[in-house]
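Q: So I've got this file, run-v3.txt, and it contains compact mmCIF, C-alpha atoms and all ligand atoms:
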```
# COMPACT_ATOMS: atom_id res chain seq x y z
CA MET A 374 -3.29 -53.60 -29.88
CA ASP A 375 0.23 -52.56 -28.95
CA LEU A 376 1.84 -50.15 -31.33
CA ASN A 377 5.27 -51.03 -32.66
CA PRO A 378 7.50 -48.42 -30.92
CA PHE A 379 9.45 -47.55 -34.08
CA GLU A 380 6.21 -47.01 -36.00
CA MET A 381 5.19 -44.77 -33.11
CA ALA A 382 8.48 -42.83 -33.29
CA LYS A 383 7.98 -42.34 -37.05
CA LYS A 384 4.39 -41.24 -36.53
CA GLN A 385 5.59 -38.61 -34.05
CA ILE A 386 7.99 -37.30 -36.72
CA ASP A 387 5.12 -37.10 -39.23
CA ILE A 388 2.98 -35.13 -36.77
CA VAL A 389 5.69 -32.54 -36.17
CA ALA A 390 6.72 -32.44 -39.85
CA GLU A 391 3.17 -31.50 -40.75
CA GLU A 392 2.95 -28.89 -38.00
CA MET A 393 6.27 -27.34 -39.09
CA GLY A 394 5.88 -27.81 -42.84
CA LEU A 395 9.18 -29.71 -42.81
CA ASP A 396 10.82 -30.58 -46.12
CA ALA A 397 9.71 -34.05 -47.27
CA ASN A 398 13.28 -35.25 -47.91
CA ILE A 399 14.43 -34.24 -44.44
CA THR A 400 11.37 -35.91 -42.95
CA ARG A 401 12.24 -39.15 -44.75
CA TYR A 402 15.83 -38.85 -43.59
CA LEU A 403 14.81 -38.39 -39.94
CA LYS A 404 12.69 -41.53 -40.07
CA ARG A 405 15.60 -43.86 -40.80
CA ILE A 406 18.45 -44.92 -38.54
CA GLU A 407 22.15 -44.50 -39.34
CA ARG A 408 23.16 -48.03 -38.40
CA ALA A 409 22.14 -51.07 -36.37
CA LEU A 410 24.35 -53.87 -35.23
CA ILE A 411 22.73 -57.19 -34.29
CA VAL A 412 24.99 -59.54 -32.40
CA SER A 413 24.64 -62.98 -30.93
CA ILE A 414 26.15 -63.47 -27.51
CA PRO A 415 27.05 -67.07 -26.65
CA ILE A 416 27.52 -67.74 -22.94
CA ILE A 417 28.59 -70.89 -21.11
CA MET A 418 26.17 -70.89 -18.19
CA ASP A 419 27.11 -71.92 -14.64
CA ASP A 420 25.64 -75.40 -15.24
CA GLY A 421 27.90 -75.90 -18.28
CA SER A 422 25.15 -75.44 -20.90
CA LEU A 423 25.47 -73.01 -23.81
CA GLN A 424 22.94 -70.22 -24.17
CA ILE A 425 22.86 -67.72 -27.01
CA PHE A 426 21.37 -64.27 -26.48
CA GLU A 427 20.66 -61.58 -29.06
CA GLY A 428 21.86 -58.01 -28.58
CA TYR A 429 21.53 -54.73 -30.47
CA ARG A 430 23.18 -51.33 -30.67
CA VAL A 431 21.54 -48.70 -32.85
CA HIS A 432 22.67 -45.21 -33.90
CA HIS A 433 19.78 -43.05 -35.02
CA SER A 434 21.69 -39.83 -35.63
CA THR A 435 25.22 -38.65 -34.93
CA VAL A 436 24.85 -35.43 -36.89
CA ARG A 437 25.34 -33.27 -33.76
CA GLY A 438 27.93 -35.45 -32.01
CA PRO A 439 28.68 -38.98 -30.78
CA GLY A 440 25.74 -41.28 -30.16
CA LYS A 441 24.40 -41.36 -26.61
CA GLY A 442 21.87 -43.60 -24.98
CA GLY A 443 21.22 -46.37 -22.55
CA LEU A 444 21.55 -50.13 -22.70
CA ARG A 445 18.63 -52.25 -21.46
CA PHE A 446 18.43 -55.89 -20.49
CA SER A 447 14.89 -57.18 -20.85
CA PRO A 448 13.12 -60.22 -22.31
CA ASP A 449 10.95 -57.92 -24.46
CA VAL A 450 13.87 -56.15 -26.19
CA ASN A 451 13.69 -56.21 -29.99
CA LEU A 452 15.27 -54.27 -32.83
CA ASP A 453 12.31 -51.97 -33.49
CA GLU A 454 12.10 -51.04 -29.82
CA ILE A 455 15.80 -50.13 -29.77
CA LYS A 456 15.44 -48.14 -33.02
CA ALA A 457 12.62 -46.12 -31.43
CA LEU A 458 14.56 -45.54 -28.23
CA ALA A 459 17.62 -44.40 -30.23
CA THR A 460 15.42 -41.97 -32.17
CA TRP A 461 14.00 -40.53 -28.96
CA MET A 462 17.56 -40.02 -27.65
CA THR A 463 18.33 -37.87 -30.72
CA TRP A 464 15.44 -35.55 -29.87
CA LYS A 465 16.26 -35.54 -26.16
CA CYS A 466 19.90 -34.51 -26.65
CA SER A 467 18.90 -31.94 -29.24
CA LEU A 468 16.18 -30.41 -27.04
CA LEU A 469 18.71 -29.95 -24.22
CA LYS A 470 21.34 -28.62 -26.67
CA LEU A 471 23.76 -31.38 -25.69
CA PRO A 472 26.41 -31.93 -28.40
CA LEU A 473 25.43 -35.60 -28.67
CA GLY A 474 23.40 -37.81 -30.97
CA GLY A 475 20.86 -40.57 -30.41
CA ALA A 476 21.74 -44.20 -29.77
CA LYS A 477 20.42 -47.15 -27.76
CA GLY A 478 21.21 -50.78 -27.13
CA GLY A 479 19.66 -53.81 -25.59
CA ILE A 480 19.98 -57.50 -24.94
CA CYS A 481 16.98 -59.79 -25.05
CA VAL A 482 17.41 -61.42 -21.63
CA ASN A 483 15.80 -61.56 -18.21
CA PRO A 484 18.75 -60.62 -15.99
CA ARG A 485 16.95 -61.89 -12.88
CA GLU A 486 17.44 -65.40 -14.24
CA LEU A 487 21.25 -65.02 -14.48
CA SER A 488 23.88 -65.39 -11.79
CA ARG A 489 26.28 -62.49 -11.26
CA LYS A 490 29.00 -64.40 -13.13
CA GLU A 491 26.72 -65.07 -16.10
CA LEU A 492 25.63 -61.42 -16.15
CA GLU A 493 29.26 -60.28 -16.21
CA LYS A 494 30.11 -62.68 -19.06
CA LEU A 495 27.06 -61.52 -21.02
CA THR A 496 28.03 -57.86 -20.59
CA ARG A 497 31.68 -58.39 -21.48
CA ARG A 498 30.95 -60.49 -24.58
CA PHE A 499 28.33 -57.99 -25.76
CA THR A 500 30.83 -55.12 -25.30
CA THR A 501 33.42 -57.02 -27.36
CA GLU A 502 30.86 -57.66 -30.12
CA ILE A 503 29.96 -53.96 -30.42
CA ILE A 504 33.43 -52.57 -29.68
CA ASN A 505 33.89 -51.04 -33.12
CA ILE A 506 30.82 -48.85 -32.87
CA ILE A 507 31.24 -47.54 -29.32
CA GLY A 508 33.84 -45.20 -27.82
CA PRO A 509 34.07 -41.68 -26.35
CA ASP A 510 34.02 -40.14 -29.86
CA ILE A 511 31.56 -42.63 -31.39
CA ASP A 512 28.80 -43.74 -29.03
CA ILE A 513 28.64 -43.73 -25.23
CA PRO A 514 26.28 -46.23 -23.55
CA ALA A 515 24.67 -45.68 -20.14
CA PRO A 516 22.27 -47.48 -17.77
CA ASP A 517 18.64 -48.06 -18.70
CA VAL A 518 16.01 -50.67 -17.77
CA ASN A 519 17.66 -53.43 -15.64
CA THR A 520 21.23 -52.17 -16.07
CA ASN A 521 23.29 -50.32 -13.46
CA ALA A 522 26.66 -48.89 -12.46
CA GLN A 523 28.26 -52.34 -12.06
CA ILE A 524 27.32 -53.27 -15.63
CA MET A 525 28.79 -49.96 -16.84
CA ALA A 526 32.00 -50.80 -14.92
CA TRP A 527 32.27 -54.13 -16.80
CA ILE A 528 31.74 -52.36 -20.12
CA MET A 529 34.40 -49.78 -19.26
CA ASP A 530 36.84 -52.49 -18.18
CA THR A 531 36.28 -54.66 -21.27
CA TYR A 532 36.72 -51.66 -23.59
CA SER A 533 39.78 -50.42 -21.67
CA MET A 534 41.43 -53.87 -21.78
CA GLN A 535 41.13 -53.90 -25.57
CA LYS A 536 42.63 -50.41 -25.81
CA GLY A 537 45.41 -51.09 -23.28
CA ARG A 538 44.54 -48.04 -21.17
CA ALA A 539 41.71 -46.82 -18.95
CA VAL A 540 38.99 -45.19 -21.05
CA PRO A 541 36.39 -43.91 -18.56
CA GLY A 542 34.63 -41.81 -21.22
CA VAL A 543 33.30 -44.89 -23.05
CA VAL A 544 30.29 -45.18 -20.73
CA THR A 545 28.40 -43.00 -18.27
CA GLY A 546 26.55 -44.03 -15.15
CA LYS A 547 29.74 -45.71 -13.88
CA PRO A 548 30.63 -46.08 -10.20
CA ILE A 549 32.14 -42.84 -8.85
CA GLU A 550 35.41 -44.61 -7.97
CA ILE A 551 36.23 -45.21 -11.64
CA GLY A 552 35.20 -41.90 -13.16
CA GLY A 553 31.46 -41.77 -12.52
CA SER A 554 29.72 -38.56 -11.53
CA VAL A 555 28.02 -37.63 -8.31
CA GLY A 556 24.32 -37.03 -8.89
CA ARG A 557 24.04 -39.40 -11.88
CA ASN A 558 21.88 -41.90 -9.98
CA SER A 559 19.32 -39.33 -8.93
CA ALA A 560 19.59 -37.32 -12.18
CA THR A 561 16.48 -38.54 -14.02
CA GLY A 562 14.36 -38.13 -10.87
CA MET A 563 15.84 -34.68 -10.21
CA GLY A 564 15.12 -33.59 -13.77
CA LEU A 565 11.50 -34.78 -13.45
CA TYR A 566 11.25 -32.88 -10.19
CA PHE A 567 12.57 -29.59 -11.60
CA VAL A 568 10.24 -29.90 -14.58
CA ILE A 569 7.05 -30.67 -12.62
CA ASP A 570 7.85 -27.92 -10.12
CA LYS A 571 8.09 -25.42 -12.99
CA MET A 572 4.95 -26.77 -14.65
CA CYS A 573 2.97 -26.32 -11.42
CA GLU A 574 4.28 -22.78 -11.15
CA LYS A 575 3.07 -22.07 -14.72
CA LEU A 576 -0.36 -23.47 -13.91
CA ASN A 577 -0.54 -21.59 -10.58
CA LYS A 578 -0.65 -24.80 -8.57
CA LYS A 579 1.31 -25.64 -5.44
CA LEU A 580 3.36 -28.77 -6.07
CA GLU A 581 3.19 -29.88 -2.41
CA THR A 582 -0.62 -30.06 -2.54
CA GLN A 583 -0.72 -32.37 -5.56
CA SER A 584 -1.66 -36.04 -5.33
CA ILE A 585 0.65 -38.40 -7.21
CA VAL A 586 0.57 -41.85 -8.82
CA VAL A 587 3.85 -43.40 -9.98
CA GLN A 588 4.05 -46.45 -12.26
CA GLY A 589 7.44 -48.13 -11.75
CA PHE A 590 9.64 -48.02 -8.67
CA GLY A 591 13.12 -48.42 -10.15
CA ASN A 592 15.77 -45.75 -10.55
CA VAL A 593 13.35 -43.28 -12.15
CA GLY A 594 10.07 -44.02 -10.31
CA GLY A 595 11.80 -44.52 -6.96
CA TRP A 596 13.63 -41.19 -7.09
CA ILE A 597 10.71 -39.06 -8.26
CA ALA A 598 8.35 -40.68 -5.72
CA SER A 599 10.87 -39.98 -2.98
CA LEU A 600 11.55 -36.36 -4.03
CA LEU A 601 7.82 -35.58 -4.22
CA TYR A 602 7.17 -37.36 -0.92
CA GLU A 603 9.86 -35.24 0.75
CA ARG A 604 8.25 -32.17 -0.77
CA GLY A 605 5.03 -33.06 1.02
CA CYS A 606 2.97 -34.49 -1.84
CA LYS A 607 0.59 -37.36 -1.17
CA ILE A 608 1.77 -40.42 -3.12
CA LEU A 609 -1.45 -42.36 -3.61
CA ALA A 610 -0.12 -45.33 -5.57
CA ILE A 611 3.09 -46.89 -6.84
CA SER A 612 3.92 -50.15 -8.61
CA ASP A 613 6.71 -52.51 -9.60
CA ILE A 614 6.62 -55.64 -11.78
CA SER A 615 4.88 -57.55 -8.95
CA GLY A 616 1.89 -55.16 -8.81
CA GLY A 617 0.74 -51.91 -7.27
CA LEU A 618 0.03 -50.50 -3.81
CA TYR A 619 -2.64 -47.88 -3.07
CA ASN A 620 -3.38 -45.82 0.03
CA SER A 621 -5.87 -42.95 -0.08
CA GLU A 622 -3.99 -41.30 2.82
CA GLY A 623 -0.67 -41.56 1.00
CA LEU A 624 2.04 -44.26 1.01
CA GLU A 625 5.17 -44.19 3.19
CA ILE A 626 7.65 -43.92 0.36
CA ASP A 627 10.76 -43.91 2.59
CA LYS A 628 9.84 -47.29 4.11
CA LEU A 629 8.83 -48.77 0.75
CA LEU A 630 12.14 -47.74 -0.79
CA GLU A 631 14.02 -49.41 2.05
CA TRP A 632 11.98 -52.54 1.32
CA THR A 633 12.53 -52.67 -2.45
CA GLN A 634 16.21 -51.78 -2.08
CA GLN A 635 16.61 -55.17 -0.39
CA GLY A 636 15.47 -56.76 -3.66
CA LYS A 637 11.94 -57.40 -2.34
CA TYR A 638 8.67 -56.93 -4.24
CA LEU A 639 6.03 -54.33 -3.36
CA LYS A 640 3.28 -56.96 -3.26
CA ASP A 641 5.02 -58.64 -0.29
CA TYR A 642 5.13 -55.43 1.81
CA LYS A 643 2.86 -55.93 4.79
CA ASP A 644 0.78 -52.93 5.86
CA ASP A 645 -2.98 -53.26 6.29
CA ARG A 646 -3.54 -49.64 5.34
CA ASN A 647 -2.28 -50.33 1.80
CA LYS A 648 -4.38 -52.03 -0.84
CA LEU A 649 -2.94 -54.23 -3.59
CA ILE A 650 -3.96 -52.99 -7.05
CA THR A 651 -3.33 -54.04 -10.63
CA ASN A 652 -1.43 -52.05 -13.24
CA ALA A 653 -4.71 -51.12 -14.95
CA GLU A 654 -6.16 -49.88 -11.64
CA LEU A 655 -3.03 -47.88 -10.92
CA LEU A 656 -3.21 -46.05 -14.25
CA ALA A 657 -6.91 -45.32 -13.69
CA THR A 658 -6.42 -43.94 -10.16
CA GLU A 659 -7.77 -40.43 -9.73
CA CYS A 660 -4.88 -38.06 -8.98
CA ASP A 661 -3.35 -34.73 -9.98
CA ILE A 662 -0.11 -36.03 -11.47
CA LEU A 663 0.43 -39.44 -13.04
CA VAL A 664 4.07 -40.44 -13.58
CA PRO A 665 4.50 -43.44 -15.90
CA ALA A 666 8.08 -44.45 -15.11
CA ALA A 667 8.26 -48.02 -16.40
CA LEU A 668 8.09 -48.97 -20.08
CA GLU A 669 6.71 -47.75 -23.38
CA ASN A 670 3.11 -48.21 -24.62
CA GLN A 671 1.35 -47.88 -21.26
CA ILE A 672 -1.24 -45.23 -22.12
CA THR A 673 -2.87 -46.33 -25.35
CA ARG A 674 -6.12 -45.93 -27.27
CA GLU A 675 -7.48 -48.87 -25.22
CA ASN A 676 -7.08 -47.34 -21.74
CA VAL A 677 -6.81 -43.60 -22.36
CA GLU A 678 -10.46 -43.03 -21.42
CA ASP A 679 -9.72 -44.43 -17.93
CA ILE A 680 -6.93 -41.93 -17.24
CA ASN A 681 -8.06 -39.70 -14.39
CA CYS A 682 -5.31 -37.13 -13.79
CA LYS A 683 -4.54 -33.54 -14.76
CA ILE A 684 -0.89 -33.87 -15.72
CA ILE A 685 1.13 -36.81 -17.07
CA LEU A 686 4.84 -36.56 -16.35
CA GLU A 687 6.64 -39.06 -18.58
CA GLY A 688 9.45 -40.68 -16.59
CA ALA A 689 9.67 -43.60 -19.02
CA ASN A 690 10.50 -43.34 -22.70
CA GLY A 691 7.48 -43.61 -24.98
CA PRO A 692 4.78 -44.46 -22.40
CA THR A 693 2.02 -42.69 -24.38
CA THR A 694 1.04 -43.66 -27.91
CA PRO A 695 0.29 -40.94 -30.50
CA GLU A 696 -3.39 -41.91 -30.58
CA ALA A 697 -3.67 -41.58 -26.79
CA ASP A 698 -1.74 -38.30 -27.00
CA ARG A 699 -4.38 -36.83 -29.30
CA ILE A 700 -7.23 -37.84 -27.00
CA LEU A 701 -5.45 -36.52 -23.88
CA PHE A 702 -4.92 -33.17 -25.60
CA GLU A 703 -8.62 -32.98 -26.46
CA LYS A 704 -9.48 -33.70 -22.82
CA GLY A 705 -7.15 -30.95 -21.60
CA ILE A 706 -4.73 -33.32 -19.82
CA HIS A 707 -1.18 -31.98 -20.05
CA VAL A 708 1.45 -34.51 -21.11
CA ILE A 709 5.00 -33.43 -20.26
CA PRO A 710 6.86 -35.46 -22.86
CA ASP A 711 9.64 -37.95 -22.16
CA ILE A 712 12.23 -36.08 -24.23
CA LEU A 713 11.90 -33.14 -21.84
CA ALA A 714 10.68 -34.69 -18.59
CA ASN A 715 13.20 -37.53 -18.24
CA ALA A 716 16.15 -35.77 -19.91
CA GLY A 717 17.90 -35.20 -16.56
CA GLY A 718 19.56 -38.61 -16.89
CA VAL A 719 21.29 -37.96 -20.16
CA CYS A 720 22.07 -34.40 -19.07
CA VAL A 721 24.12 -35.60 -16.09
CA SER A 722 25.57 -38.34 -18.33
CA TYR A 723 26.88 -35.51 -20.47
CA PHE A 724 28.38 -33.88 -17.36
CA GLU A 725 30.02 -37.21 -16.49
CA TYR A 726 31.48 -37.49 -19.99
CA VAL A 727 32.83 -33.93 -19.84
CA GLN A 728 34.34 -34.57 -16.39
CA ASP A 729 36.01 -37.79 -17.66
CA ILE A 730 37.51 -36.03 -20.66
CA GLN A 731 38.82 -33.17 -18.52
CA SER A 732 39.78 -35.41 -15.57
CA TYR A 733 38.24 -32.78 -13.35
CA PHE A 734 35.26 -33.60 -11.17
CA TRP A 735 32.43 -31.40 -9.95
CA ASP A 736 30.58 -31.46 -6.64
CA LEU A 737 26.88 -32.32 -6.24
CA ASP A 738 25.78 -28.70 -5.92
CA ARG A 739 27.33 -27.85 -9.27
CA ILE A 740 25.80 -30.94 -10.93
CA ASN A 741 22.29 -30.14 -9.70
CA GLU A 742 22.59 -26.42 -10.41
CA GLU A 743 23.71 -26.98 -14.01
CA LEU A 744 21.09 -29.70 -14.51
CA LYS A 745 18.39 -27.34 -13.27
CA ARG A 746 19.59 -24.51 -15.48
CA ILE A 747 19.69 -26.66 -18.65
CA ILE A 748 16.41 -28.51 -18.13
CA ILE A 749 14.48 -25.39 -17.08
CA GLU A 750 15.79 -23.52 -20.12
CA ALA A 751 14.51 -26.37 -22.32
CA PHE A 752 11.19 -26.32 -20.45
CA GLU A 753 10.80 -22.56 -21.02
CA ASP A 754 11.57 -23.00 -24.75
CA VAL A 755 8.93 -25.74 -25.00
CA PHE A 756 6.34 -23.81 -22.99
CA LYS A 757 6.77 -20.76 -25.18
CA ILE A 758 6.05 -22.73 -28.38
CA TYR A 759 3.14 -24.50 -26.66
CA LYS A 760 1.58 -21.13 -25.80
CA GLU A 761 2.27 -19.56 -29.19
CA ARG A 762 0.95 -22.44 -31.30
CA ASN A 763 -1.61 -24.08 -28.99
CA VAL A 764 -0.14 -27.53 -29.69
CA PRO A 765 0.52 -30.37 -27.22
CA LEU A 766 3.70 -30.02 -25.18
CA ARG A 767 5.15 -33.00 -27.06
CA THR A 768 4.65 -31.31 -30.42
CA ALA A 769 6.22 -28.13 -29.02
CA ALA A 770 9.25 -30.09 -27.78
CA TYR A 771 9.56 -31.91 -31.11
CA ILE A 772 9.40 -28.65 -33.07
CA ILE A 773 12.51 -27.45 -31.22
CA ALA A 774 14.39 -30.75 -31.21
CA VAL A 775 13.63 -31.68 -34.80
CA SER A 776 14.45 -28.22 -36.20
CA ARG A 777 17.93 -28.36 -34.64
CA ILE A 778 18.60 -31.75 -36.21
CA ALA A 779 17.16 -30.68 -39.56
CA ARG A 780 19.34 -27.56 -39.48
CA ALA A 781 22.44 -29.65 -38.69
CA TYR A 782 21.74 -31.95 -41.66
CA ASP A 783 21.17 -28.92 -43.84
CA LEU A 784 24.46 -27.30 -42.81
CA ARG A 785 26.49 -30.50 -43.14
CA GLY A 786 24.83 -31.63 -46.39
CA ILE A 787 24.57 -35.20 -47.60
CA PHE A 788 27.92 -36.88 -48.24
CA PRO A 789 29.41 -37.13 -50.87
N1 LIG A 801 18.74 -44.36 -20.38
C1 LIG A 801 18.59 -42.97 -20.14
C2 LIG A 801 17.60 -42.37 -21.13
O1 LIG A 801 16.80 -43.06 -21.68
C3 LIG A 801 19.91 -42.22 -20.09
C4 LIG A 801 20.76 -42.31 -21.31
C5 LIG A 801 22.14 -41.74 -21.13
O2 LIG A 801 22.46 -41.27 -20.04
O3 LIG A 801 22.90 -41.82 -22.07
O4 LIG A 801 17.55 -41.19 -21.32
```
Please lay out the structure from this file as structure tokens.
Ligand code: GLU

A:
Amino acid sequence: MDLNPFEMAKKQIDIVAEEMGLDANITRYLKRIERALIVSIPIIMDDGSLQIFEGYRVHHSTVRGPGKGGLRFSPDVNLDEIKALATWMTWKCSLLKLPLGGAKGGICVNPRELSRKELEKLTRRFTTEIINIIGPDIDIPAPDVNTNAQIMAWIMDTYSMQKGRAVPGVVTGKPIEIGGSVGRNSATGMGLYFVIDKMCEKLNKKLETQSIVVQGFGNVGGWIASLLYERGCKILAISDISGGLYNSEGLEIDKLLEWTQQGKYLKDYKDDRNKLITNAELLATECDILVPAALENQITRENVEDINCKIILEGANGPTTPEADRILFEKGIHVIPDILANAGGVCVSYFEYVQDIQSYFWDLDRINEELKRIIIEAFEDVFKIYKERNVPLRTAAYIIAVSRIARAYDLRGIFP
């Protein structure tokens, strides 16, 4: 049974509230969202027919600053999923001490079925529908599953046309030519890399000797697989929506990336040394580090017993359910939680936003140095609580993130 992601997000709040002895009113307050906008997006398709899509933008909390979070295009998108993802963004920004809140958006669509023109129309109409609840001081979207820099450019243009001036700060993850930041593309992968490197150091392991399995080969999975491959790690298995590839001697990640960057599927890559595997087989592959970097609800009560790794590095948002979390903790498998592990993306989004506001742009060394400093500081904070309290790393991360939000609500009070 798949857990509803928002129920999962609320359950995670309950777990940390109990651990912290959090006030019951605050706990209730944290489990609701500030606002959700549901819009319908009518599009005249290339063949002249009318299709109507449904889209969402949710603000979970703006108590520490404007909402921040990605926008995903996927046929599975629904309101509860977006509510959960917005909630997780609140904790992620708080854990990294970014002065931003939690938001998320999505459109229920399979973008692979649309032409470029249809995709542009869909993006522009959606932006117009949500225009009153986005903006540099309100809520700043960014790329997520199946969205990219071009889509951010269309959002920026649509918003700017309505305002009568260029407003680059309305989105992050834009192309560099129109106010994007260097290092934003690789940011989530870089963040994962800094975090796992530190974790190995804490556990007295050498990162380059670890064997790796990565689920997902998009912006997050592709970058982390490539960074670990360059470091010398053996990447035993990877997957995309077409299926997985396994090689006990390690996969040639550079060649596979070249292949998928041409829009081709992993299953069609011809190399007799590689074996085709299913998603279930991939997750059950024996390895040191498993990186789920696809979607939520991948490691659940149903398959947790098959997991055969020592560390789970969450590249995706919400890949592990609370029930699976509990069992993994009992088995001594470390789970480096999404709100810490994959926070590099939003961290460099914050840098992009700051650069846009100041109209002053940094170089790649500065981006990566500041990213490393911020994410490692958050890691050390989490590790300290984990050691002191003997709780899962997720609970430790939530204790920090949730207390900052609770404190902000306390200081600001409830209006009126
Ligand atoms: N979609 C990314 C995430 O889930 C990045 C969000 C952002 O940069 O605002 O963290």

Q: Which of these residues is nearest to Asn763 of chain A, using all atoms listed in the file: A:Glu703, A:Arg557, A:Ile608, A:Arg408?

A: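 The closest residue to Asn763 of chain A is A:Glu703.
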
Q: Using all atoms listed in the file, which protein or nucleic acid residues are at most 9 Å from ligand LIG 801 (chain A), as a ChimeraX atom specification?

A: /A:440-445,458-459,461-462,465-466,475-477,513-518,544-546,557,561,689-690,711-712,715-723

Q: Please dump the current selection as a JSON list (two decimals), in the coordinates of the input; keep C-alpha atoms.

A:
```json
[["chain", "number", "residue", "atom", "x", "y", "z"],
["A", 440, "GLY", "CA", 25.74, -41.28, -30.16],
["A", 441, "LYS", "CA", 24.40, -41.36, -26.61],
["A", 442, "GLY", "CA", 21.87, -43.60, -24.98],
["A", 443, "GLY", "CA", 21.22, -46.37, -22.55],
["A", 444, "LEU", "CA", 21.55, -50.13, -22.70],
["A", 445, "ARG", "CA", 18.63, -52.25, -21.46],
["A", 458, "LEU", "CA", 14.56, -45.54, -28.23],
["A", 459, "ALA", "CA", 17.62, -44.40, -30.23],
["A", 461, "TRP", "CA", 14.00, -40.53, -28.96],
["A", 462, "MET", "CA", 17.56, -40.02, -27.65],
["A", 465, "LYS", "CA", 16.26, -35.54, -26.16],
["A", 466, "CYS", "CA", 19.90, -34.51, -26.65],
["A", 475, "GLY", "CA", 20.86, -40.57, -30.41],
["A", 476, "ALA", "CA", 21.74, -44.20, -29.77],
["A", 477, "LYS", "CA", 20.42, -47.15, -27.76],
["A", 513, "ILE", "CA", 28.64, -43.73, -25.23],
["A", 514, "PRO", "CA", 26.28, -46.23, -23.55],
["A", 515, "ALA", "CA", 24.67, -45.68, -20.14],
["A", 516, "PRO", "CA", 22.27, -47.48, -17.77],
["A", 517, "ASP", "CA", 18.64, -48.06, -18.70],
["A", 518, "VAL", "CA", 16.01, -50.67, -17.77],
["A", 544, "VAL", "CA", 30.29, -45.18, -20.73],
["A", 545, "THR", "CA", 28.40, -43.00, -18.27],
["A", 546, "GLY", "CA", 26.55, -44.03, -15.15],
["A", 557, "ARG", "CA", 24.04, -39.40, -11.88],
["A", 561, "THR", "CA", 16.48, -38.54, -14.02],
["A", 689, "ALA", "CA", 9.67, -43.60, -19.02],
["A", 690, "ASN", "CA", 10.50, -43.34, -22.70],
["A", 711, "ASP", "CA", 9.64, -37.95, -22.16],
["A", 712, "ILE", "CA", 12.23, -36.08, -24.23],
["A", 715, "ASN", "CA", 13.20, -37.53, -18.24],
["A", 716, "ALA", "CA", 16.15, -35.77, -19.91],
["A", 717, "GLY", "CA", 17.90, -35.20, -16.56],
["A", 718, "GLY", "CA", 19.56, -38.61, -16.89],
["A", 719, "VAL", "CA", 21.29, -37.96, -20.16],
["A", 720, "CYS", "CA", 22.07, -34.40, -19.07],
["A", 721, "VAL", "CA", 24.12, -35.60, -16.09],
["A", 722, "SER", "CA", 25.57, -38.34, -18.33],
["A", 723, "TYR", "CA", 26.88, -35.51, -20.47]]
```

Q: Which residues, written as a list of chain:residue names, have at least one atom at most 12 Å from Gln535 of chain A, with all atoms listed in the file counted and residues fewer than 2 positions away on the same chain left out?

A: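 Residues near the query, excluding close chain neighbours: A:Arg497, A:Thr500, A:Thr501, A:Glu502, A:Ile504, A:Asn505, A:Gly508, A:Ile528, A:Met529, A:Asp530, A:Thr531, A:Tyr532, A:Ser533, A:Gly537, A:Arg538, A:Ala539, A:Val540.
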
Q: So which one's closest to Leu656 of chain A, A:Ile597, A:Ile585, A:Glu631, A:Glu742? Using all atoms listed in the file, please.

A: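 Looking only at the distances to Leu656 of chain A, the closest residue turns out to be A:Ile585.
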
Q: If I take atom CA of Asn647 of chain A and atom CA of Asn620 of chain A, how far is one from the other in Å, to one decimal?

A: 5.0 Å

Q: So what do you get for atom CA of Leu469 of chain A versus atom CA of Ala751 of chain A, distance-wise?

A: 5.8 Å

Q: So, with only C-alpha atoms as the atoms that count, which of A:Val543, A:Leu624, A:Cys481, A:Val708 lies closest to Thr768 of chain A?

A: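 Distance minimum relative to Thr768 of chain A lands on A:Val708.
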
Q: Give me the residues within 10 Å of Ile416 of chain A as a list in words, counting all atoms listed in the file and dropping any in the same chain fewer than 6 places off.

A: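 The residues that qualify are Ser422, Leu423, Gln424, Ile425, Phe426, Glu491, Leu492, Lys494, Leu495 and Arg498 of chain A.
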
Q: Give me, as a ChimeraX atom specification, all polymer residues having an atom no more than 12 Å from Asp396 of chain A, counting only C-alpha atoms and skipping those fewer than 4 positions away in the same chain.

A: /A:386-387,389-392,400-403,775-776,779-780,782-783
